[in-house]
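Okay, protein_18.pdb now, which holds PDB, C-alpha atoms and all ligand atoms:
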```
MODEL        1
ATOM      1  CA  MET A 918       4.493 -34.299 -51.367  1.00  0.00           C
ATOM      2  CA  ASN A 919       7.786 -32.495 -51.358  1.00  0.00           C
ATOM      3  CA  GLU A 920       9.382 -33.260 -48.018  1.00  0.00           C
ATOM      4  CA  GLU A 921      10.431 -29.659 -47.533  1.00  0.00           C
ATOM      5  CA  ILE A 922       6.879 -28.432 -48.046  1.00  0.00           C
ATOM      6  CA  GLN A 923       5.803 -31.046 -45.527  1.00  0.00           C
ATOM      7  CA  LEU A 924       8.232 -29.602 -42.979  1.00  0.00           C
ATOM      8  CA  LEU A 925       7.061 -26.053 -43.683  1.00  0.00           C
ATOM      9  CA  LEU A 926       3.450 -27.129 -43.233  1.00  0.00           C
ATOM     10  CA  GLU A 927       4.335 -28.696 -39.888  1.00  0.00           C
ATOM     11  CA  LEU A 928       6.096 -25.495 -38.926  1.00  0.00           C
ATOM     12  CA  GLN A 929       3.022 -23.513 -39.927  1.00  0.00           C
ATOM     13  CA  GLY A 930       0.850 -25.883 -37.907  1.00  0.00           C
ATOM     14  CA  THR A 931       2.815 -25.300 -34.704  1.00  0.00           C
ATOM     15  CA  ASP A 932       2.931 -21.569 -35.389  1.00  0.00           C
ATOM     16  CA  ARG A 933      -0.836 -21.442 -35.838  1.00  0.00           C
ATOM     17  CA  GLU A 934      -1.413 -23.379 -32.629  1.00  0.00           C
ATOM     18  CA  ARG A 935       1.039 -21.177 -30.792  1.00  0.00           C
ATOM     19  CA  SER A 936      -0.597 -17.991 -31.974  1.00  0.00           C
ATOM     20  CA  GLU A 937      -3.994 -19.316 -30.808  1.00  0.00           C
ATOM     21  CA  LEU A 938      -2.421 -20.135 -27.463  1.00  0.00           C
ATOM     22  CA  GLU A 939      -0.953 -16.656 -27.282  1.00  0.00           C
ATOM     23  CA  SER A 940      -4.391 -15.120 -27.897  1.00  0.00           C
ATOM     24  CA  GLN A 941      -5.729 -17.362 -25.159  1.00  0.00           C
ATOM     25  CA  ALA A 942      -2.944 -16.158 -22.844  1.00  0.00           C
ATOM     26  CA  LYS A 943      -3.918 -12.551 -23.600  1.00  0.00           C
ATOM     27  CA  ARG A 944      -7.581 -13.264 -22.847  1.00  0.00           C
ATOM     28  CA  LEU A 945      -6.577 -14.852 -19.552  1.00  0.00           C
ATOM     29  CA  GLN A 946      -4.436 -11.843 -18.739  1.00  0.00           C
ATOM     30  CA  ALA A 947      -7.387  -9.544 -19.445  1.00  0.00           C
ATOM     31  CA  ARG A 948      -9.597 -11.717 -17.231  1.00  0.00           C
ATOM     32  CA  ALA A 949      -7.069 -11.546 -14.396  1.00  0.00           C
ATOM     33  CA  ALA A 950      -6.902  -7.759 -14.757  1.00  0.00           C
ATOM     34  CA  ARG A 951     -10.701  -7.514 -14.689  1.00  0.00           C
ATOM     35  CA  LEU A 952     -10.846  -9.610 -11.510  1.00  0.00           C
ATOM     36  CA  GLU A 953      -8.301  -7.297  -9.943  1.00  0.00           C
ATOM     37  CA  ARG A 954     -10.408  -4.272 -10.957  1.00  0.00           C
ATOM     38  CA  ASP A 955     -13.585  -5.856  -9.567  1.00  0.00           C
ATOM     39  CA  LEU A 956     -11.871  -6.420  -6.254  1.00  0.00           C
ATOM     40  CA  GLU A 957     -10.583  -2.864  -6.288  1.00  0.00           C
ATOM     41  CA  GLU A 958     -14.157  -1.596  -6.813  1.00  0.00           C
ATOM     42  CA  GLU A 959     -15.413  -3.609  -3.845  1.00  0.00           C
ATOM     43  CA  ARG A 960     -12.650  -2.153  -1.685  1.00  0.00           C
ATOM     44  CA  ALA A 961     -13.503   1.343  -2.921  1.00  0.00           C
ATOM     45  CA  ALA A 962     -17.190   0.766  -2.057  1.00  0.00           C
ATOM     46  CA  VAL A 963     -16.261  -0.074   1.542  1.00  0.00           C
ATOM     47  CA  GLN A 964     -13.957   2.928   1.689  1.00  0.00           C
ATOM     48  CA  ALA A 965     -16.725   5.213   0.367  1.00  0.00           C
ATOM     49  CA  ALA A 966     -19.242   3.829   2.882  1.00  0.00           C
ATOM     50  CA  ARG A 967     -16.743   4.372   5.703  1.00  0.00           C
ATOM     51  CA  GLN A 968     -16.098   7.941   4.563  1.00  0.00           C
ATOM     52  CA  ARG A 969     -19.816   8.697   4.271  1.00  0.00           C
ATOM     53  CA  LEU A 970     -20.361   7.484   7.814  1.00  0.00           C
ATOM     54  CA  ALA A 971     -17.457   9.573   9.122  1.00  0.00           C
ATOM     55  CA  GLU A 972     -18.826  12.681   7.373  1.00  0.00           C
ATOM     56  CA  LEU A 973     -22.295  12.133   8.786  1.00  0.00           C
ATOM     57  CA  GLU A 974     -20.888  11.628  12.274  1.00  0.00           C
ATOM     58  CA  ARG A 975     -18.919  14.822  12.000  1.00  0.00           C
ATOM     59  CA  ALA A 976     -21.956  16.776  10.742  1.00  0.00           C
ATOM     60  CA  SER A 977     -24.019  15.307  13.552  1.00  0.00           C
ATOM     61  CA  ARG A 978     -21.502  16.395  16.185  1.00  0.00           C
ATOM     62  CA  LEU A 979     -21.554  19.936  14.773  1.00  0.00           C
ATOM     63  CA  LYS A 980     -25.355  19.933  14.754  1.00  0.00           C
ATOM     64  CA  ASN A 981     -25.453  18.852  18.409  1.00  0.00           C
ATOM     65  CA  LEU A 982     -23.044  21.637  19.291  1.00  0.00           C
ATOM     66  CA  GLU A 983     -25.353  24.133  17.570  1.00  0.00           C
ATOM     67  CA  VAL A 984     -28.318  22.826  19.534  1.00  0.00           C
ATOM     68  CA  ASP A 985     -26.331  23.053  22.768  1.00  0.00           C
ATOM     69  CA  GLU A 986     -25.316  26.597  21.968  1.00  0.00           C
ATOM     70  CA  LEU A 987     -28.913  27.625  21.282  1.00  0.00           C
ATOM     71  CA  ASP A 988     -29.896  25.999  24.522  1.00  0.00           C
ATOM     72  CA  VAL A 989     -27.299  27.994  26.452  1.00  0.00           C
ATOM     73  CA  HIS A 990     -28.496  31.256  24.843  1.00  0.00           C
ATOM     74  CA  THR A 991     -32.112  30.533  25.582  1.00  0.00           C
ATOM     75  CA  ARG A 992     -31.303  29.752  29.207  1.00  0.00           C
ATOM     76  CA  GLN A 993     -29.341  32.995  29.553  1.00  0.00           C
ATOM     77  CA  TYR A 994     -32.228  35.029  28.143  1.00  0.00           C
ATOM     78  CA  GLN A 995     -34.647  33.202  30.361  1.00  0.00           C
ATOM     79  CA  LYS A 996     -32.475  33.900  33.419  1.00  0.00           C
ATOM     80  CA  ARG A 997     -32.385  37.607  32.669  1.00  0.00           C
ATOM     81  CA  LEU A 998     -36.110  37.559  32.173  1.00  0.00           C
ATOM     82  CA  ASP A 999     -36.671  35.740  35.472  1.00  0.00           C
ATOM     83  CA  GLU A1000     -34.431  38.128  37.381  1.00  0.00           C
ATOM     84  CA  GLY A1001     -36.742  40.882  36.114  1.00  0.00           C
ATOM     85  CA  ILE A1002     -34.362  43.806  36.588  1.00  0.00           C
ATOM     86  CA  ILE A1003     -34.968  45.110  33.081  1.00  0.00           C
ATOM     87  CA  SER A1004     -37.555  47.370  31.520  1.00  0.00           C
ATOM     88  CA  PHE A1005     -40.825  46.132  30.152  1.00  0.00           C
ATOM     89  CA  LYS A1006     -39.660  46.902  26.628  1.00  0.00           C
ATOM     90  CA  GLU A1007     -36.500  44.886  27.126  1.00  0.00           C
ATOM     91  CA  MET A1008     -38.557  42.064  28.572  1.00  0.00           C
ATOM     92  CA  GLU A1009     -40.749  42.035  25.475  1.00  0.00           C
ATOM     93  CA  ALA A1010     -37.667  41.911  23.273  1.00  0.00           C
ATOM     94  CA  LEU A1011     -36.187  39.061  25.323  1.00  0.00           C
ATOM     95  CA  ARG A1012     -39.411  37.054  25.148  1.00  0.00           C
ATOM     96  CA  ALA A1013     -39.450  37.438  21.371  1.00  0.00           C
ATOM     97  CA  LYS A1014     -35.817  36.344  21.237  1.00  0.00           C
ATOM     98  CA  ILE A1015     -36.460  33.326  23.414  1.00  0.00           C
ATOM     99  CA  ALA A1016     -39.386  32.316  21.202  1.00  0.00           C
ATOM    100  CA  THR A1017     -37.216  32.616  18.087  1.00  0.00           C
ATOM    101  CA  GLU A1018     -34.360  30.674  19.663  1.00  0.00           C
ATOM    102  CA  ARG A1019     -36.720  27.903  20.770  1.00  0.00           C
ATOM    103  CA  ASP A1020     -38.141  27.596  17.265  1.00  0.00           C
ATOM    104  CA  ARG A1021     -34.638  27.427  15.859  1.00  0.00           C
ATOM    105  CA  MET A1022     -33.633  24.881  18.464  1.00  0.00           C
ATOM    106  CA  SER A1023     -36.645  22.733  17.672  1.00  0.00           C
ATOM    107  CA  ALA A1024     -35.810  22.792  13.980  1.00  0.00           C
ATOM    108  CA  GLN A1025     -32.166  21.967  14.714  1.00  0.00           C
ATOM    109  CA  GLU A1026     -33.204  19.101  16.976  1.00  0.00           C
ATOM    110  CA  ASP A1027     -35.324  17.656  14.178  1.00  0.00           C
ATOM    111  CA  GLU A1028     -32.339  17.901  11.879  1.00  0.00           C
ATOM    112  CA  ALA A1029     -30.119  16.255  14.490  1.00  0.00           C
ATOM    113  CA  LEU A1030     -32.576  13.365  14.768  1.00  0.00           C
ATOM    114  CA  ALA A1031     -32.709  12.955  10.998  1.00  0.00           C
ATOM    115  CA  MET A1032     -28.917  12.825  11.034  1.00  0.00           C
ATOM    116  CA  MET A1033     -28.934  10.077  13.629  1.00  0.00           C
ATOM    117  CA  ASP A1034     -31.218   8.086  11.320  1.00  0.00           C
ATOM    118  CA  ALA A1035     -28.877   8.733   8.399  1.00  0.00           C
ATOM    119  CA  ILE A1036     -25.947   7.567  10.546  1.00  0.00           C
ATOM    120  CA  ASP A1037     -27.775   4.346  11.401  1.00  0.00           C
ATOM    121  CA  ALA A1038     -28.458   3.748   7.697  1.00  0.00           C
ATOM    122  CA  ALA A1039     -24.823   4.518   6.826  1.00  0.00           C
ATOM    123  CA  ARG A1040     -23.664   2.004   9.476  1.00  0.00           C
ATOM    124  CA  VAL A1041     -25.869  -0.655   7.887  1.00  0.00           C
ATOM    125  CA  ASP A1042     -24.472   0.250   4.443  1.00  0.00           C
ATOM    126  CA  LEU A1043     -20.906  -0.020   5.707  1.00  0.00           C
ATOM    127  CA  SER A1044     -21.572  -3.339   7.335  1.00  0.00           C
ATOM    128  CA  LEU A1045     -23.198  -4.694   4.149  1.00  0.00           C
ATOM    129  CA  ALA A1046     -20.338  -3.406   1.998  1.00  0.00           C
ATOM    130  CA  GLY A1047     -17.886  -5.069   4.384  1.00  0.00           C
ATOM    131  CA  GLU A1048     -19.724  -8.401   4.182  1.00  0.00           C
ATOM    132  CA  ARG A1049     -19.883  -8.109   0.417  1.00  0.00           C
ATOM    133  CA  LEU A1050     -16.157  -7.420   0.248  1.00  0.00           C
ATOM    134  CA  VAL A1051     -15.420 -10.570   2.240  1.00  0.00           C
ATOM    135  CA  GLU A1052     -17.661 -12.667  -0.033  1.00  0.00           C
ATOM    136  CA  GLN A1053     -16.395 -11.096  -3.245  1.00  0.00           C
ATOM    137  CA  THR A1054     -12.759 -11.382  -2.160  1.00  0.00           C
ATOM    138  CA  ALA A1055     -13.219 -15.112  -1.615  1.00  0.00           C
ATOM    139  CA  ARG A1056     -14.998 -15.549  -4.950  1.00  0.00           C
ATOM    140  CA  LEU A1057     -12.620 -13.358  -6.962  1.00  0.00           C
ATOM    141  CA  MET A1058      -9.524 -14.933  -5.402  1.00  0.00           C
ATOM    142  CA  LYS A1059     -10.815 -18.380  -6.281  1.00  0.00           C
ATOM    143  CA  GLU A1060     -11.487 -17.298  -9.837  1.00  0.00           C
ATOM    144  CA  ALA A1061      -8.068 -15.638 -10.054  1.00  0.00           C
ATOM    145  CA  GLU A1062      -6.432 -18.898  -8.942  1.00  0.00           C
ATOM    146  CA  GLN A1063      -8.314 -20.736 -11.671  1.00  0.00           C
ATOM    147  CA  VAL A1064      -7.173 -18.140 -14.229  1.00  0.00           C
ATOM    148  CA  ASP A1065      -3.580 -18.559 -12.978  1.00  0.00           C
ATOM    149  CA  ARG A1066      -3.791 -22.311 -13.390  1.00  0.00           C
ATOM    150  CA  GLU A1067      -5.158 -21.960 -16.928  1.00  0.00           C
ATOM    151  CA  ALA A1068      -2.484 -19.392 -17.777  1.00  0.00           C
ATOM    152  CA  GLU A1069       0.196 -21.786 -16.535  1.00  0.00           C
ATOM    153  CA  GLN A1070      -1.197 -24.558 -18.738  1.00  0.00           C
ATOM    154  CA  VAL A1071      -1.194 -22.212 -21.708  1.00  0.00           C
ATOM    155  CA  ARG A1072       2.409 -21.179 -20.972  1.00  0.00           C
ATOM    156  CA  GLN A1073       3.451 -24.814 -20.903  1.00  0.00           C
ATOM    157  CA  ALA A1074       1.615 -25.497 -24.150  1.00  0.00           C
ATOM    158  CA  ILE A1075       3.348 -22.526 -25.771  1.00  0.00           C
ATOM    159  CA  ALA A1076       6.726 -23.797 -24.570  1.00  0.00           C
ATOM    160  CA  ALA A1077       5.908 -27.237 -26.024  1.00  0.00           C
ATOM    161  CA  ARG A1078       5.019 -25.681 -29.412  1.00  0.00           C
ATOM    162  CA  LEU A1079       8.247 -23.702 -29.379  1.00  0.00           C
ATOM    163  CA  ALA A1080      10.278 -26.835 -28.673  1.00  0.00           C
ATOM    164  CA  GLU A1081       8.425 -28.652 -31.439  1.00  0.00           C
ATOM    165  CA  ARG A1082       9.040 -25.723 -33.739  1.00  0.00           C
ATOM    166  CA  ALA A1083      12.773 -25.687 -32.982  1.00  0.00           C
ATOM    167  CA  HIS A1084      12.899 -29.385 -33.782  1.00  0.00           C
ATOM    168  CA  ILE A1085      11.175 -28.896 -37.161  1.00  0.00           C
ATOM    169  CA  ALA A1086      13.199 -25.767 -37.943  1.00  0.00           C
ATOM    170  CA  ALA A1087      16.423 -27.684 -37.360  1.00  0.00           C
ATOM    171  CA  ARG A1088      15.392 -30.089 -40.126  1.00  0.00           C
ATOM    172  CA  THR A1089      14.454 -27.327 -42.568  1.00  0.00           C
ATOM    173  CA  ARG A1090      17.002 -25.912 -44.975  1.00  0.00           C
ATOM    174  CA  PRO A1091      18.126 -22.486 -43.696  1.00  0.00           C
ATOM    175  CA  HIS A1092      17.229 -20.490 -46.809  1.00  0.00           C
ATOM    176  CA  LEU A1093      13.729 -22.018 -46.849  1.00  0.00           C
ATOM    177  CA  LEU A1094      13.311 -21.356 -43.163  1.00  0.00           C
ATOM    178  CA  ALA A1095      14.403 -17.759 -43.717  1.00  0.00           C
ATOM    179  CA  ARG A1096      11.901 -17.388 -46.545  1.00  0.00           C
ATOM    180  CA  TYR A1097       9.137 -18.836 -44.377  1.00  0.00           C
ATOM    181  CA  GLU A1098      10.008 -16.528 -41.464  1.00  0.00           C
ATOM    182  CA  ASN A1099      10.063 -13.576 -43.788  1.00  0.00           C
ATOM    183  CA  LEU A1100       6.619 -14.405 -45.193  1.00  0.00           C
ATOM    184  CA  ARG A1101       5.290 -14.969 -41.672  1.00  0.00           C
ATOM    185  CA  THR A1102       5.984 -11.352 -40.771  1.00  0.00           C
ATOM    186  CA  GLU A1103       3.426 -10.535 -43.468  1.00  0.00           C
ATOM    187  CA  PHE A1104       0.966 -13.443 -43.440  1.00  0.00           C
ATOM    188  CA  PRO A1105      -0.257 -15.877 -40.800  1.00  0.00           C
ATOM    189  CA  ASP A1106      -0.246 -18.556 -43.542  1.00  0.00           C
ATOM    190  CA  PRO A1107       3.002 -18.462 -45.540  1.00  0.00           C
ATOM    191  CA  VAL A1108       2.307 -21.904 -47.045  1.00  0.00           C
ATOM    192  CA  VAL A1109      -0.983 -22.271 -48.949  1.00  0.00           C
ATOM    193  CA  LEU A1110      -2.777 -24.626 -51.295  1.00  0.00           C
ATOM    194  CA  ILE A1111      -3.404 -23.994 -54.949  1.00  0.00           C
ATOM    195  CA  THR A1112      -7.162 -24.446 -55.320  1.00  0.00           C
ATOM    196  CA  ASN A1113      -8.824 -24.324 -58.754  1.00  0.00           C
ATOM    197  CA  GLY A1114      -5.702 -22.784 -60.218  1.00  0.00           C
ATOM    198  CA  SER A1115      -5.601 -19.968 -57.665  1.00  0.00           C
ATOM    199  CA  CYS A1116      -3.373 -19.192 -54.712  1.00  0.00           C
ATOM    200  CA  SER A1117      -5.650 -19.717 -51.691  1.00  0.00           C
ATOM    201  CA  GLY A1118      -3.728 -16.995 -49.847  1.00  0.00           C
ATOM    202  CA  CYS A1119      -4.266 -14.009 -52.155  1.00  0.00           C
ATOM    203  CA  LYS A1120      -7.051 -15.695 -54.199  1.00  0.00           C
ATOM    204  CA  LEU A1121      -5.427 -14.701 -57.496  1.00  0.00           C
ATOM    205  CA  ARG A1122      -4.842 -17.123 -60.377  1.00  0.00           C
ATOM    206  CA  VAL A1123      -1.377 -18.542 -60.760  1.00  0.00           C
ATOM    207  CA  SER A1124       0.110 -19.519 -64.138  1.00  0.00           C
ATOM    208  CA  GLY A1125      -0.303 -23.029 -65.507  1.00  0.00           C
ATOM    209  CA  ASN A1126       3.432 -23.407 -65.361  1.00  0.00           C
ATOM    210  CA  THR A1127       3.434 -22.665 -61.626  1.00  0.00           C
ATOM    211  CA  VAL A1128       0.654 -25.207 -61.034  1.00  0.00           C
ATOM    212  CA  GLU A1129       2.596 -27.758 -63.035  1.00  0.00           C
ATOM    213  CA  ARG A1130       5.821 -27.170 -61.153  1.00  0.00           C
ATOM    214  CA  ALA A1131       4.028 -27.284 -57.794  1.00  0.00           C
ATOM    215  CA  ARG A1132       2.425 -30.564 -58.851  1.00  0.00           C
ATOM    216  CA  ASN A1133       5.807 -32.081 -59.739  1.00  0.00           C
ATOM    217  CA  ALA A1134       6.942 -31.057 -56.274  1.00  0.00           C
ATOM    218  CA  SER A1135      10.538 -31.100 -57.315  1.00  0.00           C
ATOM    219  CA  ASP A1136      11.084 -27.594 -56.018  1.00  0.00           C
ATOM    220  CA  VAL A1137       9.552 -25.071 -53.665  1.00  0.00           C
ATOM    221  CA  ILE A1138       7.241 -22.839 -55.709  1.00  0.00           C
ATOM    222  CA  THR A1139       5.932 -19.436 -54.723  1.00  0.00           C
ATOM    223  CA  CYS A1140       2.893 -17.397 -55.774  1.00  0.00           C
ATOM    224  CA  GLU A1141       3.746 -14.840 -58.471  1.00  0.00           C
ATOM    225  CA  ASN A1142       1.523 -12.314 -56.821  1.00  0.00           C
ATOM    226  CA  CYS A1143       1.896 -12.603 -53.011  1.00  0.00           C
ATOM    227  CA  SER A1144       5.060 -14.735 -52.798  1.00  0.00           C
ATOM    228  CA  ARG A1145       3.451 -17.296 -50.484  1.00  0.00           C
ATOM    229  CA  ILE A1146       4.844 -20.815 -50.792  1.00  0.00           C
ATOM    230  CA  LEU A1147       2.453 -22.981 -52.808  1.00  0.00           C
ATOM    231  CA  HIS A1148       1.559 -26.644 -52.730  1.00  0.00           C
ATOM    232  CA  VAL A1149      -1.097 -28.763 -54.363  1.00  0.00           C
ATOM    233  CA  GLY A1150      -2.027 -30.861 -51.351  1.00  0.00           C
TER     234      GLY A1150
HETATM  235 ZN    ZN B1201      -0.787 -15.575 -53.693  1.00  0.00          ZN
ENDMDL
END
```
Would you kindly transcribe this structure into structure tokens?
Ligand SMILES: [Zn+2]
Amino acid sequence: MNEEIQLLLELQGTDRERSELESQAKRLQARAARLERDLEEERAAVQAARQRLAELERASRLKNLEVDELDVHTRQYQKRLDEGIISFKEMEALRAKIATERDRMSAQEDEALAMMDAIDAARVDLSLAGERLVEQTARLMKEAEQVDREAEQVRQAIAARLAERAHIAARTRPHLLARYENLRTEFPDPVVLITNGSCSGCKLRVSGNTVERARNASDVITCENCSRILHVG
């Protein structure tokens, strides 16, 4: 085979490997980002549980104040009733009021108790979310370290391909290298085989003359249609 084609094929080989490595690097980057997001979600879950608990505690305090207030009112009415220096009609009205206030207080007390239960449940939720965060942080960090290690290996492999490429490029004639680079901006495979009389890049037939010249390997031949560099293997 034409030695120059051989060099171009080697160049293409390192380029192909490098582009696979670059895709791998991108996948690793995406994995690292996902791990970061997962961790962020765990943190947000703890934050949400903490906020829910704080809101419930605040609502519970307000509810207790309401109950206390009702209690004070009821006691005041009761006191006036006990002192008995009011008319019978007023007494009747006070009794009705006291009954209403007691019903309200009873309902509010039930609500206050339900809130205490909700607070207990929210405390359990927060504690579970906290435990989960600790576990997940350990797991995700470990995985992230593994991803970092893999990414470092990939970076080194890419650097090795680039060094290899520079070495091959230095041995390639500049105008051929330029042609290859130019084709590479368009195709991932600038150098292709002629198979059954067709360019295996664009799949179109090439002329018999082209096949013949490629076979003689005295020069670098290109496809008449797509301009890829051809060889017969
Ligand atoms: Zn072609």
Might you pull out every residue within 7 Å of A:Ser977, with all atoms listed in the file counted and same-chain residues fewer than 4 positions away left off, and present them as a ChimeraX atom specification?
/A:973,981,1029,1032
Return the single residue from A:Leu926, A:Met1022, A:Leu1043, A:Gly1001 that is closest to A:Leu1110, with distances computed using all atoms listed in the file.
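Among the listed residues, the smallest separation from A:Leu1110 belongs to A:Leu926.
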How many Å lie between atom CA of A:Ile1146 and atom CA of A:Ile1111, rounded to one decimal?
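Value for the atom CA of A:Ile1146-atom CA of A:Ile1111 distance: 9.8 Å.
For the set A:Leu998, A:Leu1045, A:Leu952, A:Leu1147, the residue with the smallest atom-to-atom gap to ligand ZN 1201 (chain B) is A:Leu1147, counting only C-alpha atoms and all ligand atoms.
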Carefully work through the PyMOL selection byres (((not hetatm)) within 7 of (chain B and resi 1201)) for this structure and note down the residues it includes, as a ChimeraX atom specification.
/A:1116-1121,1140-1145
Name all residues at most 10 Å from A:Arg1049 (count all atoms listed in the file; drop same-chain ones fewer than 6 positions away) and give them as a list in words.
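In the requested format, the answer is Glu959, Arg960, Ala962, Val963, Leu1043 and Ala1055 of chain A.
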Could you list the residues chosen by the PyMOL selection byres (((chain A and resi 949) around 12) and not hetatm) in this structure as a list of chain:residue names?
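Output from the PyMOL selection byres (((chain A and resi 949) around 12) and not hetatm), applied to this file: A:Ala942, A:Lys943, A:Arg944, A:Leu945, A:Gln946, A:Ala947, A:Arg948, A:Ala950, A:Arg951, A:Leu952, A:Glu953, A:Arg954, A:Asp955, A:Leu956, A:Leu1057, A:Met1058, A:Lys1059, A:Glu1060, A:Ala1061, A:Glu1062, A:Gln1063, A:Val1064, A:Asp1065, A:Arg1066, A:Glu1067, A:Ala1068.
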The PyMOL selection byres (((chain A and resi 1089) around 10) and not hetatm) applied to the shown file, residues as a PyMOL selection string
chain A and resi 920-925+928+1083-1088+1090-1095
Would you put the residues from that selection into a file with C-alpha atoms, as a tab-separated table (two decimals), in the frame of the given file?
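New file part_22.tsv:
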```tsv
chain	number	residue	atom	x	y	z
A	920	GLU	CA	9.38	-33.26	-48.02
A	921	GLU	CA	10.43	-29.66	-47.53
A	922	ILE	CA	6.88	-28.43	-48.05
A	923	GLN	CA	5.80	-31.05	-45.53
A	924	LEU	CA	8.23	-29.60	-42.98
A	925	LEU	CA	7.06	-26.05	-43.68
A	928	LEU	CA	6.10	-25.50	-38.93
A	1083	ALA	CA	12.77	-25.69	-32.98
A	1084	HIS	CA	12.90	-29.38	-33.78
A	1085	ILE	CA	11.18	-28.90	-37.16
A	1086	ALA	CA	13.20	-25.77	-37.94
A	1087	ALA	CA	16.42	-27.68	-37.36
A	1088	ARG	CA	15.39	-30.09	-40.13
A	1090	ARG	CA	17.00	-25.91	-44.98
A	1091	PRO	CA	18.13	-22.49	-43.70
A	1092	HIS	CA	17.23	-20.49	-46.81
A	1093	LEU	CA	13.73	-22.02	-46.85
A	1094	LEU	CA	13.31	-21.36	-43.16
A	1095	ALA	CA	14.40	-17.76	-43.72
```
d(atom CA of A:Ala1074, atom CA of A:Arg935) in Å
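Spanning atom CA of A:Ala1074 to atom CA of A:Arg935 is a straight-line distance of 7.9 Å.
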Provide the atom CA of A:Arg1082 to atom CA of A:Thr931 distance in Å, to one decimal place.
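Distance between the two atoms: 6.3 Å.
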Top pick for closest residue to A:Asn1113, considering A:Leu1100, A:Arg975, A:Val1128, A:Ala1031 and counting only C-alpha atoms:
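Comparing A:Leu1100, A:Arg975, A:Val1128, A:Ala1031 against A:Asn1113, the winner is A:Val1128.
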Looking at A:Val1123, A:Leu938, A:Ala1080, A:Val1108, which one is nearest to A:Val1137, with distances taken over all atoms listed in the file?
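Nearest candidate to A:Val1137 out of A:Val1123, A:Leu938, A:Ala1080, A:Val1108: A:Val1108.
Residue nearest A:Asp932 within the list A:Thr1127, A:Gln964, A:Thr1102, A:Thr1112: A:Thr1102 [criterion: smallest interatomic distance, all atoms listed in the file].
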List every protein, DNA or RNA residue with an atom no more than 12 Å from (-21.8, 0.0, 10.4) in the file's coordinates, counting only C-alpha atoms, and format the result as a ChimeraX atom specification.
/A:963,966-971,974,1035-1048
Given the selection you just returned, output its residues as a file containing C-alpha atoms, formatted as a CSV table (one decimal), keeping the file's coordinate frame.
```csv
chain,number,residue,atom,x,y,z
A,963,VAL,CA,-16.3,-0.1,1.5
A,966,ALA,CA,-19.2,3.8,2.9
A,967,ARG,CA,-16.7,4.4,5.7
A,968,GLN,CA,-16.1,7.9,4.6
A,969,ARG,CA,-19.8,8.7,4.3
A,970,LEU,CA,-20.4,7.5,7.8
A,971,ALA,CA,-17.5,9.6,9.1
A,974,GLU,CA,-20.9,11.6,12.3
A,1035,ALA,CA,-28.9,8.7,8.4
A,1036,ILE,CA,-25.9,7.6,10.5
A,1037,ASP,CA,-27.8,4.3,11.4
A,1038,ALA,CA,-28.5,3.7,7.7
A,1039,ALA,CA,-24.8,4.5,6.8
A,1040,ARG,CA,-23.7,2.0,9.5
A,1041,VAL,CA,-25.9,-0.7,7.9
A,1042,ASP,CA,-24.5,0.2,4.4
A,1043,LEU,CA,-20.9,0.0,5.7
A,1044,SER,CA,-21.6,-3.3,7.3
A,1045,LEU,CA,-23.2,-4.7,4.1
A,1046,ALA,CA,-20.3,-3.4,2.0
A,1047,GLY,CA,-17.9,-5.1,4.4
A,1048,GLU,CA,-19.7,-8.4,4.2
```
Please put the answer as lines of an AutoDock Vina configuration file: centre and edge lengths, in Å with one decimal, of a box along x, y and z that encloses all listed atoms of stretch 1103-1112 of chain A plus 5 Å on each side.
```
center_x = -1.9
center_y = -17.6
center_z = -48.1
size_x = 20.6
size_y = 24.1
size_z = 24.5
```
Tell me which of A:Glu934, A:Glu1018, A:Glu1098, A:Glu939 sits closest to A:Val989, counting only C-alpha atoms.
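Of all the options, A:Glu1018 lies closest to A:Val989.
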Please return as a ChimeraX atom specification every residue within 10 Å of (-31.2, 27.1, 21.3), taking into account only C-alpha atoms and the file's own coordinates.
/A:983-992,1015-1026
